[in-house]
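Asker: Pasting structure-v6.txt here (compact mmCIF, C-alpha atoms):
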```txt
# COMPACT_ATOMS: atom_id res chain seq x y z
CA MET Q 1 13.48 51.57 -6.71
CA GLU Q 2 10.80 49.31 -8.23
CA TRP Q 3 13.50 46.89 -9.37
CA ARG Q 4 14.89 46.73 -5.81
CA LYS Q 5 11.42 45.99 -4.38
CA ASP Q 6 10.92 43.18 -6.89
CA LYS Q 7 14.36 41.80 -6.09
CA LEU Q 8 13.66 41.90 -2.36
CA LEU Q 9 10.29 40.15 -2.84
CA PHE Q 10 12.03 37.52 -4.98
CA ILE Q 11 14.57 36.80 -2.23
CA LEU Q 12 11.99 36.79 0.56
CA LEU Q 13 9.72 34.34 -1.28
CA LEU Q 14 12.65 32.05 -2.11
CA LEU Q 15 13.80 32.05 1.51
CA SER Q 16 10.23 31.41 2.71
CA PHE Q 17 9.79 28.43 0.39
CA SER Q 18 13.15 27.02 1.47
CA GLY Q 19 12.31 27.58 5.15
CA ILE Q 20 8.97 25.77 4.86
CA ALA Q 21 10.67 22.86 3.08
CA MET Q 22 13.41 22.55 5.72
CA TYR Q 23 10.84 22.70 8.53
CA LEU Q 24 8.75 19.91 6.99
CA LEU Q 25 11.80 17.78 6.21
CA GLN Q 26 13.45 17.82 9.64
CA GLY Q 27 15.38 14.59 10.19
CA TYR Q 28 14.87 13.54 6.57
CA PHE Q 29 18.21 14.32 4.97
CA ILE Q 30 21.18 11.97 5.15
CA ILE Q 31 24.48 13.84 5.28
CA ASN Q 32 27.50 11.90 4.01
CA ALA Q 33 30.48 12.27 1.64
CA THR Q 34 28.20 11.93 -1.39
CA THR Q 35 26.10 14.86 -0.16
CA PHE Q 36 29.13 17.14 0.16
CA LEU Q 37 30.46 16.07 -3.25
CA GLY Q 38 27.12 16.88 -4.86
CA MET Q 39 26.83 20.22 -3.10
CA ALA Q 40 30.34 21.14 -4.26
CA ILE Q 41 29.33 21.07 -7.95
CA ILE Q 42 26.01 22.94 -7.55
CA PRO Q 43 27.69 26.28 -8.45
CA PHE Q 44 28.70 24.79 -11.83
CA LEU Q 45 25.02 24.13 -12.61
CA ILE Q 46 23.63 27.58 -11.77
CA LYS Q 47 23.12 28.98 -15.25
CA VAL Q 48 19.98 30.63 -16.63
CA GLU Q 49 18.81 30.93 -20.23
CA LYS Q 50 18.13 34.59 -20.94
CA GLU Q 51 14.45 35.47 -21.41
CA LYS Q 52 13.51 31.76 -21.57
CA TYR Q 53 10.84 31.49 -18.88
CA SER Q 54 9.37 28.05 -18.33
CA ARG Q 55 6.44 26.33 -16.61
CA ARG Q 56 7.74 22.80 -17.23
CA TYR Q 57 7.79 21.98 -13.49
CA LEU Q 58 4.16 22.98 -12.91
CA LEU Q 59 2.69 19.49 -13.36
CA PRO Q 60 5.37 17.72 -11.25
CA PHE Q 61 4.88 20.35 -8.53
CA LEU Q 62 1.10 19.93 -8.48
CA LEU Q 63 1.37 16.12 -8.62
CA PHE Q 64 3.73 15.83 -5.65
CA LEU Q 65 1.89 18.58 -3.79
CA VAL Q 66 -1.31 16.53 -3.92
CA LEU Q 67 0.56 13.33 -2.99
CA SER Q 68 2.23 15.12 -0.07
CA ILE Q 69 -1.06 16.35 1.33
CA VAL Q 70 -2.91 13.06 0.85
CA LEU Q 71 -0.16 10.58 1.79
CA GLN Q 72 2.09 12.76 3.98
CA VAL Q 73 5.26 11.02 2.80
CA LYS Q 74 8.44 13.04 3.30
CA SER Q 75 9.94 12.03 -0.04
CA PHE Q 76 6.87 13.48 -1.78
CA ILE Q 77 7.16 16.64 0.32
CA PHE Q 78 10.80 16.91 -0.75
CA LEU Q 79 9.92 16.49 -4.44
CA ALA Q 80 7.02 18.94 -4.19
CA SER Q 81 9.32 21.51 -2.55
CA LEU Q 82 12.08 20.93 -5.10
CA PHE Q 83 9.82 21.30 -8.14
CA GLY Q 84 8.00 24.24 -6.54
CA ILE Q 85 11.22 26.18 -5.99
CA LEU Q 86 12.46 25.32 -9.50
CA LEU Q 87 9.12 26.44 -10.96
CA PHE Q 88 9.38 29.70 -9.04
CA LEU Q 89 12.93 30.33 -10.29
CA GLU Q 90 12.23 29.43 -13.91
CA THR Q 91 9.10 31.57 -14.20
CA LEU Q 92 10.89 34.61 -12.78
CA SER Q 93 14.48 34.19 -13.96
CA GLY Q 94 14.58 31.78 -16.90
CA ARG Q 95 15.21 28.11 -17.55
CA LEU Q 96 17.82 26.46 -15.36
CA SER Q 97 19.94 23.46 -16.32
CA ILE Q 98 17.99 20.18 -16.19
CA LEU Q 99 21.08 18.74 -14.50
CA LEU Q 100 20.34 20.72 -11.32
CA PRO Q 101 17.21 18.76 -10.24
CA VAL Q 102 18.89 15.51 -11.31
CA LEU Q 103 21.82 16.30 -9.00
CA LEU Q 104 19.60 17.31 -6.08
CA ILE Q 105 17.56 14.11 -6.35
CA THR Q 106 20.76 12.04 -6.60
CA ILE Q 107 22.14 13.40 -3.30
CA SER Q 108 18.74 13.22 -1.60
CA PRO Q 109 17.30 10.36 0.50
CA VAL Q 110 15.07 9.51 -2.50
CA PHE Q 111 18.10 8.03 -4.26
CA PHE Q 112 19.33 6.42 -1.02
CA TYR Q 113 16.02 4.66 -0.33
CA LEU Q 114 15.71 3.46 -3.93
CA SER Q 115 19.23 2.01 -3.88
CA LYS Q 116 18.59 0.31 -0.51
CA THR Q 117 15.23 -1.04 -1.64
CA PHE Q 118 16.31 -2.48 -4.97
CA GLY Q 119 20.06 -2.87 -4.39
CA ILE Q 120 19.75 -6.42 -3.04
CA SER Q 121 18.35 -7.62 -6.38
CA ILE Q 122 21.30 -6.04 -8.19
CA ARG Q 123 23.78 -7.75 -5.85
CA PHE Q 124 22.09 -11.11 -6.36
CA ALA Q 125 22.22 -10.66 -10.14
CA LEU Q 126 25.89 -9.60 -10.12
CA SER Q 127 26.81 -12.57 -7.93
CA GLU Q 128 25.11 -14.97 -10.34
CA VAL Q 129 26.78 -13.43 -13.42
CA VAL Q 130 30.22 -13.56 -11.77
CA ALA Q 131 29.71 -17.22 -10.84
CA GLN Q 132 28.69 -18.07 -14.41
CA LEU Q 133 31.73 -16.28 -15.83
CA LEU Q 134 34.00 -18.19 -13.45
CA ILE Q 135 32.39 -21.49 -14.50
CA TRP Q 136 32.92 -20.52 -18.15
CA THR Q 137 36.65 -20.09 -17.44
CA GLY Q 138 36.86 -23.62 -16.01
CA ASN Q 139 36.50 -22.92 -12.29
CA VAL Q 140 34.19 -24.63 -9.81
CA SER Q 141 31.89 -21.79 -8.79
CA SER Q 142 28.34 -21.09 -7.65
CA ALA Q 143 26.31 -18.20 -6.27
CA VAL Q 144 23.77 -18.28 -3.45
CA GLY Q 145 22.18 -14.90 -2.84
CA ASN Q 146 25.01 -12.39 -2.44
CA THR Q 147 27.56 -15.14 -1.69
CA ILE Q 148 29.95 -16.47 -4.36
CA TRP Q 149 31.75 -19.77 -3.93
CA LEU Q 150 34.99 -20.32 -5.89
CA ASN Q 151 36.91 -23.57 -5.49
CA GLY Q 152 35.60 -23.94 -1.93
CA LYS Q 153 36.26 -20.34 -0.88
CA GLU Q 154 33.49 -17.95 0.10
CA PHE Q 155 33.09 -14.32 -1.05
CA HIS Q 156 30.35 -11.79 -0.33
CA VAL Q 157 28.91 -9.00 -2.46
CA ASP Q 158 27.89 -6.80 0.47
CA PRO Q 159 25.99 -3.48 0.46
CA GLY Q 160 28.99 -1.89 2.18
CA CYS Q 161 31.14 -2.71 -0.84
CA VAL Q 162 32.78 0.49 -2.11
CA GLY Q 163 31.97 -0.40 -5.71
CA LEU Q 164 28.22 -0.59 -5.14
CA ASN Q 165 28.26 2.65 -3.15
CA MET Q 166 29.82 4.37 -6.16
CA ILE Q 167 26.53 4.55 -8.09
CA ALA Q 168 25.55 7.98 -6.74
CA ILE Q 169 29.15 9.22 -7.04
CA SER Q 170 29.25 8.06 -10.67
CA VAL Q 171 26.08 10.00 -11.46
CA ILE Q 172 27.48 13.11 -9.77
CA ILE Q 173 30.71 12.83 -11.78
CA GLY Q 174 28.65 12.36 -14.94
CA ILE Q 175 26.63 15.49 -14.18
CA PHE Q 176 29.86 17.43 -13.63
CA PHE Q 177 31.29 16.32 -16.99
CA LEU Q 178 28.08 17.22 -18.82
CA SER Q 179 28.02 20.66 -17.20
CA TYR Q 180 31.73 21.21 -17.88
CA PHE Q 181 31.45 20.42 -21.60
CA GLU Q 182 28.30 22.52 -21.93
CA LYS Q 183 30.08 25.53 -20.47
CA GLN Q 184 33.17 24.92 -22.60
CA HIS Q 185 31.13 24.82 -25.82
CA HIS Q 186 28.48 27.38 -24.75
CA LYS Q 187 25.92 24.78 -25.76
CA SER Q 188 23.42 22.47 -24.11
CA LEU Q 189 22.43 18.87 -24.78
CA PRO Q 190 18.80 18.09 -25.65
CA LEU Q 191 16.86 16.31 -22.91
CA TYR Q 192 16.92 12.93 -24.65
CA LEU Q 193 20.72 13.00 -24.94
CA THR Q 194 21.06 14.02 -21.29
CA ILE Q 195 18.92 11.01 -20.30
CA LEU Q 196 20.99 8.80 -22.62
CA ALA Q 197 24.25 10.02 -21.08
CA LEU Q 198 23.11 9.45 -17.49
CA SER Q 199 21.75 6.01 -18.40
CA PHE Q 200 25.10 5.20 -19.99
CA ILE Q 201 27.02 6.09 -16.83
CA LEU Q 202 24.72 3.82 -14.79
CA LEU Q 203 25.47 1.02 -17.24
CA LEU Q 204 29.19 1.71 -16.92
CA ASN Q 205 28.87 1.55 -13.14
CA ILE Q 206 27.25 -1.88 -13.27
CA LEU Q 207 30.01 -3.07 -15.64
CA SER Q 208 32.64 -1.61 -13.30
CA ASN Q 209 31.15 -3.46 -10.33
CA LEU Q 210 31.06 -6.70 -12.29
CA ILE Q 211 34.74 -6.44 -13.24
CA ARG Q 212 35.72 -5.41 -9.73
CA ILE Q 213 33.93 -8.35 -8.13
CA LEU Q 214 35.67 -10.69 -10.57
CA ILE Q 215 39.04 -9.22 -9.58
CA LEU Q 216 38.31 -9.53 -5.85
CA VAL Q 217 37.18 -13.15 -6.18
CA ILE Q 218 39.92 -14.34 -8.56
CA PHE Q 219 42.75 -12.76 -6.54
CA ASN Q 220 41.16 -13.57 -3.17
CA ILE Q 221 41.15 -9.96 -1.95
CA GLY Q 222 39.24 -9.66 1.34
CA PRO Q 223 37.43 -6.58 2.69
CA GLU Q 224 40.18 -6.03 5.27
CA SER Q 225 42.78 -5.51 2.50
CA LEU Q 226 43.74 -2.05 1.23
CA MET Q 227 43.44 -3.41 -2.31
CA HIS Q 228 39.73 -4.01 -1.69
CA ASP Q 229 39.07 -0.27 -1.64
CA LEU Q 230 41.79 0.63 -4.15
CA SER Q 231 40.32 -1.78 -6.69
CA GLY Q 232 37.00 0.03 -6.35
CA LEU Q 233 38.58 3.42 -7.00
CA LEU Q 234 40.64 2.05 -9.88
CA SER Q 235 37.60 0.39 -11.46
CA LEU Q 236 35.66 3.63 -11.10
CA PHE Q 237 38.39 5.56 -12.92
CA VAL Q 238 39.13 3.03 -15.68
CA TYR Q 239 35.67 1.69 -16.43
CA VAL Q 240 33.44 4.67 -15.57
CA ILE Q 241 35.19 8.05 -15.57
CA LEU Q 242 37.44 7.62 -18.61
CA PRO Q 243 34.82 6.06 -20.95
CA PHE Q 244 32.20 8.60 -19.88
CA TYR Q 245 34.58 11.52 -20.45
CA PHE Q 246 35.17 10.52 -24.08
CA PHE Q 247 31.49 9.65 -24.55
CA THR Q 248 30.47 13.12 -23.35
CA ALA Q 249 33.02 14.77 -25.63
CA PHE Q 250 31.53 12.80 -28.54
CA ILE Q 251 27.84 13.56 -27.94
CA MET Q 252 28.52 17.29 -27.48
CA ARG Q 253 28.65 17.54 -31.27
CA PHE Q 254 24.86 17.12 -31.13
CA SER Q 255 24.37 19.94 -28.64
CA VAL Q 256 22.58 23.20 -29.44
CA PRO Q 257 23.74 26.78 -28.74
CA LYS Q 258 22.32 28.41 -25.63
CA GLU Q 259 22.75 31.94 -24.34
CA TYR Q 260 23.08 32.09 -20.58
CA GLY Q 261 22.92 34.98 -18.18
CA SER Q 262 22.75 35.67 -14.47
CA ILE Q 263 19.71 35.07 -12.24
CA THR Q 264 17.35 38.00 -12.58
CA ASN Q 265 13.68 38.36 -11.84
CA GLY Q 266 10.52 39.29 -13.72
CA LYS Q 267 7.08 40.23 -12.46
CA LEU Q 268 4.82 38.07 -10.29
CA ASN Q 269 1.91 36.53 -12.17
CA ARG Q 270 -0.81 33.95 -11.56
CA ILE Q 271 1.56 31.01 -11.54
CA HIS Q 272 3.44 32.48 -8.59
CA TYR Q 273 0.29 32.75 -6.52
CA VAL Q 274 -0.27 29.05 -7.22
CA ILE Q 275 3.24 28.34 -5.92
CA ILE Q 276 2.68 30.47 -2.81
CA ALA Q 277 -0.64 28.70 -2.13
CA GLY Q 278 1.06 25.34 -2.65
CA PHE Q 279 3.76 26.02 -0.07
CA ILE Q 280 1.16 27.27 2.42
CA ALA Q 281 -0.73 23.99 1.85
CA LEU Q 282 2.51 22.06 2.44
CA LEU Q 283 3.02 23.94 5.68
CA CYS Q 284 -0.50 23.08 6.80
CA THR Q 285 0.27 19.36 6.42
CA SER Q 286 2.54 19.60 9.47
CA PHE Q 287 -0.55 20.24 11.62
CA ILE Q 288 -2.46 17.22 10.27
CA PRO Q 289 -2.09 13.90 12.18
CA ARG Q 290 0.24 11.65 10.26
CA LYS Q 291 -1.40 8.91 8.25
CA SER Q 292 1.31 6.50 9.39
CA GLN Q 293 0.29 7.12 13.02
CA ILE Q 294 -3.37 6.52 12.21
CA HIS Q 295 -2.48 3.46 10.18
CA THR Q 296 -0.33 1.71 12.76
CA GLY Q 297 -2.71 2.62 15.53
CA SER Q 298 -5.68 0.94 13.84
CA ASP Q 299 -3.98 -2.44 13.42
CA SER Q 300 -3.36 -5.01 16.12
CA TYR Q 301 -1.02 -7.96 15.53
CA SER Q 302 -0.52 -10.99 17.73
CA ILE Q 303 1.66 -14.13 17.72
CA SER Q 304 0.92 -16.98 20.08
CA GLY Q 305 3.74 -17.73 22.50
CA TYR Q 306 5.23 -14.22 22.36
CA THR Q 307 4.89 -11.13 24.50
CA LYS Q 308 4.01 -8.02 22.51
CA GLU Q 309 5.15 -4.42 22.73
CA LYS Q 310 4.29 -1.59 20.38
CA LEU Q 311 7.29 0.71 19.93
CA ALA Q 312 7.09 4.48 19.52
CA SER Q 313 7.90 4.07 15.83
CA GLY Q 314 4.71 2.05 15.30
CA VAL Q 315 6.66 -1.21 14.94
CA TYR Q 316 5.42 -4.24 16.88
CA GLN Q 317 8.04 -6.17 18.85
CA PHE Q 318 7.40 -9.79 19.92
CA LYS Q 319 9.76 -11.64 22.27
CA ASN Q 320 10.18 -14.92 24.02
CA ASP Q 321 13.19 -16.65 25.55
CA ARG Q 322 14.43 -17.88 22.15
CA SER Q 323 13.62 -15.33 19.47
CA LEU Q 324 12.81 -11.74 18.58
CA ILE Q 325 10.22 -10.79 15.97
CA TYR Q 326 9.48 -7.37 14.50
CA ILE Q 327 6.34 -6.64 12.50
CA LYS Q 328 6.54 -3.35 10.62
CA PRO Q 329 3.31 -2.13 9.02
CA ILE Q 330 3.93 -0.62 5.58
CA GLN Q 331 2.03 2.53 4.80
CA GLY Q 332 1.46 1.72 1.12
CA PHE Q 333 3.01 0.65 -2.18
CA TYR Q 334 4.80 4.02 -2.37
CA SER Q 335 6.68 3.47 0.89
CA ALA Q 336 10.37 2.73 1.34
CA GLU Q 337 9.96 0.00 3.97
CA HIS Q 338 12.65 -0.39 6.63
CA SER Q 339 14.24 -3.77 6.06
CA PRO Q 340 16.82 -5.37 8.39
CA MET Q 341 19.46 -3.94 6.05
CA VAL Q 342 18.55 -0.51 7.42
CA CYS Q 343 17.44 -1.21 10.99
CA TRP Q 344 20.02 -3.75 12.16
CA ILE Q 345 22.90 -1.94 10.43
CA GLY Q 346 21.78 1.18 12.28
CA ASP Q 347 22.32 -0.79 15.51
CA GLY Q 348 25.91 -1.55 14.54
CA TYR Q 349 25.40 -4.99 12.97
CA GLU Q 350 26.77 -6.08 9.61
CA LEU Q 351 24.40 -8.14 7.49
CA LYS Q 352 26.14 -11.00 5.67
CA ASN Q 353 25.34 -14.16 3.72
CA ILE Q 354 22.03 -12.83 2.38
CA GLU Q 355 20.12 -15.43 0.38
CA GLU Q 356 16.62 -16.48 -0.57
CA LYS Q 357 15.39 -19.72 0.93
CA ILE Q 358 12.21 -21.71 0.35
CA ILE Q 359 10.55 -22.38 3.71
CA ALA Q 360 7.03 -23.76 4.04
CA GLY Q 361 6.67 -23.46 0.27
CA VAL Q 362 7.38 -19.72 0.05
CA SER Q 363 10.49 -17.63 -0.50
CA VAL Q 364 12.03 -15.68 2.41
CA TYR Q 365 15.28 -13.78 2.84
CA SER Q 366 17.82 -14.97 5.38
CA GLY Q 367 21.16 -13.62 6.54
CA LYS Q 368 23.72 -13.47 9.33
CA LEU Q 369 24.05 -10.42 11.62
CA VAL Q 370 27.56 -9.82 12.95
CA LYS Q 371 28.71 -7.25 15.53
CA GLY Q 372 32.12 -8.18 16.91
CA SER Q 373 31.77 -11.62 18.48
CA ASP Q 374 27.98 -11.33 18.57
CA ILE Q 375 26.33 -13.39 15.78
CA LEU Q 376 22.60 -13.60 15.11
CA TYR Q 377 20.60 -15.18 12.31
CA THR Q 378 17.66 -13.39 10.75
CA SER Q 379 14.92 -13.93 8.17
CA TRP Q 380 12.40 -11.52 6.72
CA TRP Q 381 9.59 -11.32 4.18
CA PHE Q 382 6.56 -9.27 3.15
CA ASP Q 383 3.11 -10.49 4.20
CA ASN Q 384 -0.48 -9.30 4.04
CA GLY Q 385 -2.16 -12.33 5.57
CA GLU Q 386 -2.67 -13.92 2.16
CA VAL Q 387 0.42 -13.25 0.03
CA ILE Q 388 3.99 -13.89 1.23
CA THR Q 389 6.82 -12.65 -0.97
CA THR Q 390 10.34 -11.24 -1.01
CA SER Q 391 9.77 -9.31 -4.23
CA GLN Q 392 9.63 -5.55 -3.97
CA TRP Q 393 7.65 -5.43 -7.21
CA LYS Q 394 5.15 -8.13 -6.23
CA TRP Q 395 4.13 -6.76 -2.84
CA ARG Q 396 3.72 -3.26 -4.27
CA TRP Q 397 1.65 -4.56 -7.18
CA GLU Q 398 -0.51 -6.71 -4.89
CA ASN Q 399 -1.04 -3.70 -2.64
CA ILE Q 400 -2.20 -1.62 -5.62
CA ARG Q 401 -4.35 -4.45 -7.01
CA ASN Q 402 -6.32 -5.43 -3.92
CA ALA Q 403 -5.58 -2.53 -1.53
CA LYS Q 404 -4.71 -4.97 1.28
CA ASP Q 405 -1.87 -3.59 3.38
CA PHE Q 406 1.42 -5.44 3.70
CA TYR Q 407 3.71 -5.65 6.68
CA LEU Q 408 7.34 -6.73 6.93
CA VAL Q 409 8.07 -9.67 9.23
CA ASN Q 410 11.60 -10.03 10.65
CA VAL Q 411 12.50 -13.04 12.81
CA THR Q 412 15.89 -13.19 14.57
CA MET Q 413 17.45 -16.00 16.65
CA GLU Q 414 20.87 -17.12 17.85
CA ASP Q 415 20.79 -20.51 16.07
CA GLN Q 416 20.22 -20.78 12.32
CA ASN Q 417 18.48 -24.17 12.42
CA ASP Q 418 16.14 -22.97 15.16
CA LEU Q 419 15.44 -19.87 13.06
CA PHE Q 420 14.36 -21.90 10.04
CA LYS Q 421 12.14 -24.12 12.22
CA GLU Q 422 10.49 -21.06 13.78
CA VAL Q 423 9.96 -19.38 10.41
CA ASN Q 424 8.48 -22.60 9.05
CA GLU Q 425 6.03 -22.78 11.96
CA ILE Q 426 5.06 -19.10 11.70
CA ILE Q 427 4.32 -19.40 7.98
CA ALA Q 428 2.85 -22.90 7.85
CA LYS Q 429 0.51 -22.33 10.80
CA ARG Q 430 -0.14 -18.67 9.95
CA LYS Q 431 0.69 -17.77 13.54
CA ILE Q 432 0.58 -14.03 12.85
CA THR Q 433 -2.95 -12.75 13.25
CA LYS Q 434 -4.14 -9.22 12.57
CA ARG Q 435 -7.23 -7.41 13.79
CA LEU Q 436 -8.47 -4.09 12.46
```
Could you show the structure in this file as structure tokens?
Answerer:
Amino acid sequence: MEWRKDKLLFILLLLSFSGIAMYLLQGYFIINATTFLGMAIIPFLIKVEKEKYSRRYLLPFLLFLVLSIVLQVKSFIFLASLFGILLFLETLSGRLSILLPVLLITISPVFFYLSKTFGISIRFALSEVVAQLLIWTGNVSSAVGNTIWLNGKEFHVDPGCVGLNMIAISVIIGIFFLSYFEKQHHKSLPLYLTILALSFILLLNILSNLIRILILVIFNIGPESLMHDLSGLLSLFVYVILPFYFFTAFIMRFSVPKEYGSITNGKLNRIHYVIIAGFIALLCTSFIPRKSQIHTGSDSYSISGYTKEKLASGVYQFKNDRSLIYIKPIQGFYSAEHSPMVCWIGDGYELKNIEEKIIAGVSVYSGKLVKGSDILYTSWWFDNGEVITTSQWKWRWENIRNAKDFYLVNVTMEDQNDLFKEVNEIIAKRKITKRL
């Protein structure tokens, strides 16, 4: 009878923690094919080391709990909830596979926002490497941003490219292989080898993308062709899945025996009261006014010659008869800002021809927005009134160093030349003013 009461309490607490997390994270999760693929292999990762209780997630739980309460960022709430539930399970049932949290983070918006935030730099780098390889083979080639020119023909390394979207899928496949071999050998890889293996599959993915882009450019395969997608799947199989399969089989010789059992439960102790208190604190954050609301409400931006409207999202919209400007205050260096790659694509536009241009002595991004026959030209950059940059690293570092908040400026017009003139005037004359 006592065992049944403990089991019931275990289930009720687990459901309560999960319920609090889902309540706080409403509208946060992004459901797509990658999510379903990741969820499909979760059962393969549910294995518990017998009598091996662990508190290894205590510090990550406390860290993200504090960050969630102070900063009220949903990604931190997600990580606090994840590590809290894992801590609860491991202190009552035993150590779970380290691959489980890796998988859950991979299929979460945390991975999505990181790939969106830093993916443009990867595409620029791949474009440049491909152009250099083509030059080395005797072709006339160059790269401007994510655009590759080969013998007068234009090719784009776009975010919608199947190859670049395969990063998360590659990691999920890698996790599956690691779990499969561990179950086959009744052994487990040490943490450092697990990190090495997952780093290796990321490296293979970059190599796969590089080779695929070369194939698309050399054979002039456009995005409308079936071979465009088939080449991505083929590259994934040949250059990622096969090498990683044999690599995993090789490193399993360094694995250590582990005895696994089913999920059971022990007795509640002090650590579990800390977890319960932590989830109650997380729940209380939903009743605290959001910092982002306070932040955007305390700033006032203006641009001469434009009419201003503050949107419900906290974004400032400026319009005149020629152009549209959005100013998006950024909560802090920890934020995943919403660039045009997210916002405009969400409105049905495709962002093409992304490049960095020097205007008024500073670097800004520019690109072409296409939706059917509708074509717009757009530029964007990060600004804090003193520093203008396109670098994700620089604006975050400057924000940490001098605590002066940045905002993202996005200017859109129908004519590209007019856009560059307007951007030049906005930057050169510092037309954007901000009052606290």
Asker: Ranking Q:Phe406, Q:Tyr377, Q:Tyr301, Q:Phe112 by minimum distance to Gln331 (chain Q) and counting only C-alpha atoms, which one comes first?
Answerer: Q:Phe406
Asker: Using only C-alpha atoms, which residues sit within 12 Å of region 224-235 of chain Q once same-chain residues fewer than 5 positions away are excluded, as number ranges by chain?
Answerer: Q: 157, 160-167, 169-170, 204-217, 219, 240-243
Asker: Of the candidates Q:Met252, Q:Val364, Q:Val409, Q:Leu103, which shows the shortest atom-to-atom distance to Thr389 (chain Q), using only C-alpha atoms?
Answerer: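 The answer is Q:Val364, which sits nearest to Thr389 (chain Q).
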Asker: Write out as a ChimeraX atom specification which residues come within 6 Å of region 323-329 of chain Q when counting all atoms listed in the file, dropping same-chain ones fewer than 5 positions away.
Answerer: /Q:315-318,407-413
Asker: Which one is closest to Asp383 (chain Q): Q:Ile276, Q:Ile330, Q:Leu419, Q:Ile46? Count only C-alpha atoms.
Answerer: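 That would be Q:Ile330, the residue with the smallest distance to Asp383 (chain Q).
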Asker: When you look at Lys183 (chain Q) with a cut-off of 12 Å (counting all atoms listed in the file), what residues show up, excluding the ones that are within fewer than 6 positions of it in the same chain? I need them as a PyMOL selection string.
Answerer: chain Q and resi 44-48+97+176-177+189+252+255-260
Asker: Next, the residues of the selection above should be written as a PDB file, in the coordinates of the input with C-alpha atoms.
Answerer:
```pdb
ATOM      1  CA  PHE Q  44      28.700  24.790 -11.830  1.00  0.00           C
ATOM      2  CA  LEU Q  45      25.020  24.130 -12.610  1.00  0.00           C
ATOM      3  CA  ILE Q  46      23.630  27.580 -11.770  1.00  0.00           C
ATOM      4  CA  LYS Q  47      23.120  28.980 -15.250  1.00  0.00           C
ATOM      5  CA  VAL Q  48      19.980  30.630 -16.630  1.00  0.00           C
ATOM      6  CA  SER Q  97      19.940  23.460 -16.320  1.00  0.00           C
ATOM      7  CA  PHE Q 176      29.860  17.430 -13.630  1.00  0.00           C
ATOM      8  CA  PHE Q 177      31.290  16.320 -16.990  1.00  0.00           C
ATOM      9  CA  LEU Q 189      22.430  18.870 -24.780  1.00  0.00           C
ATOM     10  CA  MET Q 252      28.520  17.290 -27.480  1.00  0.00           C
ATOM     11  CA  SER Q 255      24.370  19.940 -28.640  1.00  0.00           C
ATOM     12  CA  VAL Q 256      22.580  23.200 -29.440  1.00  0.00           C
ATOM     13  CA  PRO Q 257      23.740  26.780 -28.740  1.00  0.00           C
ATOM     14  CA  LYS Q 258      22.320  28.410 -25.630  1.00  0.00           C
ATOM     15  CA  GLU Q 259      22.750  31.940 -24.340  1.00  0.00           C
ATOM     16  CA  TYR Q 260      23.080  32.090 -20.580  1.00  0.00           C
TER      17      TYR Q 260
END
```
